[in-house]
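First the structure, in the form of structure tokens, and then the observations on it.
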Amino acid sequence: MHLPSRAGRLPTDAGYQHGVLRAHEDLPAATSPENERSMVRGPVLESWRRSLDLLPRDASAPVRAGVSGAELAEVRRRHVFSAVLPLLHERLIEPAVEAGLLVALGDEQGRLLWLEGPSPQRTLAEDVGFVVGADWSEDAMGTNAPALALASGSAIQVAGAEHYVEVIQGWSCSAVPLLDPASGEVLGVIDVTGDERAVGPLVLPLLRAAARAAQAELPHRGDEGRIPPRCCASSGPWRTRAPVTSSCCSPVGAPP
């Protein structure tokens, strides 16, 4: 059985974080099914086990190239998020960025298609490969909130030392999947990343509410099985880059 304190502690609790760092010293032992006294939260522990099979133990971030340039622009154009960017900006992106946090929108493969946040935080995020186009799936970056939200189809928080890759352990993140309201299929992921505030008690409710609002606004799927994007306009960082007849939305500074 697990330690009673495991379920009761917040993931940012100093004692819990210290124990998680200690567990990193011998991950095979920490993740062994025979280790019944592990203090690491269940979803994180399961992700560590998968990550051990997928990735080498390395302090550096094993960033895997995702999409860029014209391919990125086309993936964005076709993705469901392009239909609900103004809504997400109003409900989530603007308040999160004002609080000094990063907001990322990723596709069902874990590729970060949009990233918004204060310039200093974005610069720091670049150092660990948290950039537009990068692959942050579990098999590319190990344990992290966007990857776990996609893998589980549910909301998740990953705090500090819970990350599999050492250089990411200075960050914390909360994420929820965007689901097809009809089939329940995972269409993408909405993530908030930053310091301990990114896993604060109000973040997941805010993310869940934004995801529900976005799902309610999704248009019907097109003939190719994807939800066709529609043009949008916003006075914030997300803006329409083409006439209303073209259905293409991108953030300011995005590639054409």
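Going by the structure tokens order, chains are called A, B, ..., each with residues numbered from 1, while ligands are numbered from 1 in the order shown.
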Non-local contacts of Gly184 in chain A (12 Å; only C-alpha atoms; under 4 positions in same chain excluded) as a PyMOL selection string: chain A and resi 153-154+177-180+188+215
Spatial neighbours of Ser68 in chain A, 9 Å, only C-alpha atoms, chain gap at least 4 places, as a PyMOL selection string: chain A and resi 72-73+132-134+255
Same residues, N, CA, C and O atoms, output as a PDB file, in the first residue's frame:
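The file below, again.pdb, is the result:
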```pdb
ATOM      1  N   LEU A  72       3.714  23.987 -40.391  1.00  0.00           N
ATOM      2  CA  LEU A  72       3.077  24.477 -39.172  1.00  0.00           C
ATOM      3  C   LEU A  72       1.855  25.322 -39.499  1.00  0.00           C
ATOM      4  O   LEU A  72       0.795  25.171 -38.881  1.00  0.00           O
ATOM      5  N   ALA A  73       1.998  26.219 -40.475  1.00  0.00           N
ATOM      6  CA  ALA A  73       0.874  27.076 -40.860  1.00  0.00           C
ATOM      7  C   ALA A  73      -0.310  26.243 -41.333  1.00  0.00           C
ATOM      8  O   ALA A  73      -1.467  26.541 -41.005  1.00  0.00           O
ATOM      9  N   VAL A 132       6.968  26.820 -30.029  1.00  0.00           N
ATOM     10  CA  VAL A 132       5.985  26.494 -31.064  1.00  0.00           C
ATOM     11  C   VAL A 132       6.577  25.478 -32.033  1.00  0.00           C
ATOM     12  O   VAL A 132       7.710  25.624 -32.501  1.00  0.00           O
ATOM     13  N   GLY A 133       5.807  24.440 -32.308  1.00  0.00           N
ATOM     14  CA  GLY A 133       6.222  23.402 -33.242  1.00  0.00           C
ATOM     15  C   GLY A 133       6.873  22.204 -32.607  1.00  0.00           C
ATOM     16  O   GLY A 133       6.953  21.138 -33.219  1.00  0.00           O
ATOM     17  N   ALA A 134       7.350  22.333 -31.367  1.00  0.00           N
ATOM     18  CA  ALA A 134       8.052  21.228 -30.717  1.00  0.00           C
ATOM     19  C   ALA A 134       7.093  20.113 -30.317  1.00  0.00           C
ATOM     20  O   ALA A 134       5.914  20.336 -30.054  1.00  0.00           O
ATOM     21  N   PRO A 255       4.231  32.411 -38.361  1.00  0.00           N
ATOM     22  CA  PRO A 255       4.636  32.355 -39.762  1.00  0.00           C
ATOM     23  C   PRO A 255       3.430  32.410 -40.671  1.00  0.00           C
ATOM     24  O   PRO A 255       2.359  31.931 -40.306  1.00  0.00           O
TER      25      PRO A 255
END
```
Residue among A:Leu148, A:Ala161, A:Leu204, A:Leu218 lying closest to His24 in chain A, counting only C-alpha atoms: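 Of the candidates, the smallest distance to His24 in chain A is held by A:Ala161.
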Contacts of Leu45 in chain A at 12 Å or less, counting only C-alpha atoms, minus same-chain residues fewer than 3 places along, as a short mmCIF file (atom, residue, chain, number, x, y, z; two decimals) with N, CA and C atoms, in the first residue's frame?
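Listing of selection20.cif after writing:
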```
data_model
loop_
_atom_site.label_atom_id
_atom_site.label_comp_id
_atom_site.auth_asym_id
_atom_site.auth_seq_id
_atom_site.Cartn_x
_atom_site.Cartn_y
_atom_site.Cartn_z
N ARG A 6 0.56 10.41 0.70
CA ARG A 6 0.68 10.57 -0.74
C ARG A 6 -0.51 11.29 -1.34
N VAL A 20 10.21 13.32 -4.14
CA VAL A 20 10.20 13.01 -5.57
C VAL A 20 11.61 13.13 -6.15
N ALA A 23 13.47 10.12 -5.31
CA ALA A 23 13.06 8.99 -6.15
C ALA A 23 13.77 9.00 -7.49
N HIS A 24 14.11 10.19 -7.99
CA HIS A 24 14.83 10.29 -9.26
C HIS A 24 16.22 9.67 -9.19
N LEU A 27 15.40 5.64 -10.39
CA LEU A 27 14.07 5.52 -10.99
C LEU A 27 13.62 4.07 -11.17
N PRO A 28 14.48 3.15 -11.58
CA PRO A 28 14.01 1.76 -11.69
C PRO A 28 13.44 1.24 -10.38
N ALA A 29 14.11 1.56 -9.28
CA ALA A 29 13.59 1.11 -7.98
C ALA A 29 12.32 1.86 -7.62
N ALA A 30 12.30 3.17 -7.89
CA ALA A 30 11.13 3.98 -7.54
C ALA A 30 9.89 3.56 -8.30
N THR A 31 10.09 3.09 -9.53
CA THR A 31 8.94 2.73 -10.38
C THR A 31 8.62 1.24 -10.34
N SER A 32 9.36 0.49 -9.57
CA SER A 32 9.10 -0.95 -9.49
C SER A 32 7.73 -1.22 -8.87
N PRO A 33 6.96 -2.13 -9.47
CA PRO A 33 5.65 -2.49 -8.87
C PRO A 33 5.78 -3.01 -7.45
N ASN A 35 7.61 -1.70 -5.20
CA ASN A 35 7.80 -0.58 -4.28
C ASN A 35 6.43 -0.04 -3.87
N GLU A 36 5.88 -0.60 -2.81
CA GLU A 36 4.53 -0.26 -2.39
C GLU A 36 4.48 1.00 -1.54
N ARG A 37 5.64 1.55 -1.20
CA ARG A 37 5.67 2.73 -0.33
C ARG A 37 6.07 3.98 -1.09
N SER A 38 5.97 3.96 -2.40
CA SER A 38 6.33 5.14 -3.17
C SER A 38 5.39 6.29 -2.83
N MET A 39 5.97 7.48 -2.62
CA MET A 39 5.16 8.65 -2.31
C MET A 39 4.76 9.42 -3.57
N VAL A 40 5.28 8.99 -4.72
CA VAL A 40 5.00 9.69 -5.98
C VAL A 40 3.56 9.43 -6.40
N ARG A 41 2.88 10.48 -6.84
CA ARG A 41 1.48 10.34 -7.25
C ARG A 41 1.33 9.31 -8.37
N GLY A 42 0.21 8.57 -8.32
CA GLY A 42 -0.02 7.46 -9.24
C GLY A 42 0.15 7.78 -10.71
N TRP A 48 6.32 7.80 -15.43
CA TRP A 48 7.75 7.52 -15.28
C TRP A 48 8.08 6.14 -15.83
N ARG A 49 7.24 5.18 -15.53
CA ARG A 49 7.51 3.82 -16.03
C ARG A 49 7.54 3.80 -17.55
N ARG A 50 6.57 4.45 -18.17
CA ARG A 50 6.55 4.49 -19.64
C ARG A 50 7.76 5.27 -20.16
N SER A 51 8.10 6.37 -19.49
CA SER A 51 9.21 7.20 -19.94
C SER A 51 10.54 6.45 -19.85
N LEU A 52 10.71 5.62 -18.84
CA LEU A 52 11.94 4.83 -18.71
C LEU A 52 12.13 3.92 -19.92
N GLY A 142 8.93 12.72 -22.18
CA GLY A 142 8.67 12.08 -20.90
C GLY A 142 7.50 12.72 -20.17
N THR A 143 7.49 12.61 -18.86
CA THR A 143 6.38 13.06 -18.03
C THR A 143 6.26 14.58 -18.05
N ASN A 144 5.12 15.07 -18.52
CA ASN A 144 4.77 16.48 -18.47
C ASN A 144 3.26 16.58 -18.61
N LEU A 148 0.53 13.97 -20.44
CA LEU A 148 -0.34 13.14 -19.62
C LEU A 148 -1.81 13.42 -19.89
N VAL A 158 1.39 18.60 -13.30
CA VAL A 158 2.72 18.05 -13.06
C VAL A 158 3.57 19.17 -12.49
N ALA A 161 9.65 18.55 -9.67
CA ALA A 161 10.42 17.32 -9.77
C ALA A 161 9.63 16.15 -10.34
N GLU A 162 8.33 16.30 -10.48
CA GLU A 162 7.55 15.20 -11.08
C GLU A 162 7.88 15.03 -12.56
N HIS A 163 8.45 16.04 -13.21
CA HIS A 163 8.85 15.90 -14.61
C HIS A 163 9.95 14.85 -14.72
N TYR A 164 9.91 14.09 -15.79
CA TYR A 164 10.90 13.04 -16.00
C TYR A 164 12.27 13.62 -16.35
#
```
Range 110-122 of chain A surroundings by only C-alpha atoms, 10 Å radius, close-in-sequence under 6 positions cut, as JSON, numbers by chain: {"A": [64, 65, 66, 67, 68, 72, 73, 75, 76, 79, 81, 82, 85, 89, 93, 94, 96, 97, 98, 99, 100, 101, 102, 103, 104, 130, 131, 132, 133, 134, 135, 136, 137, 138, 139, 140, 141, 146, 147, 148, 149, 150, 151, 188, 189, 190, 191, 192, 193, 194, 195, 237, 238, 250, 251, 252, 254]}
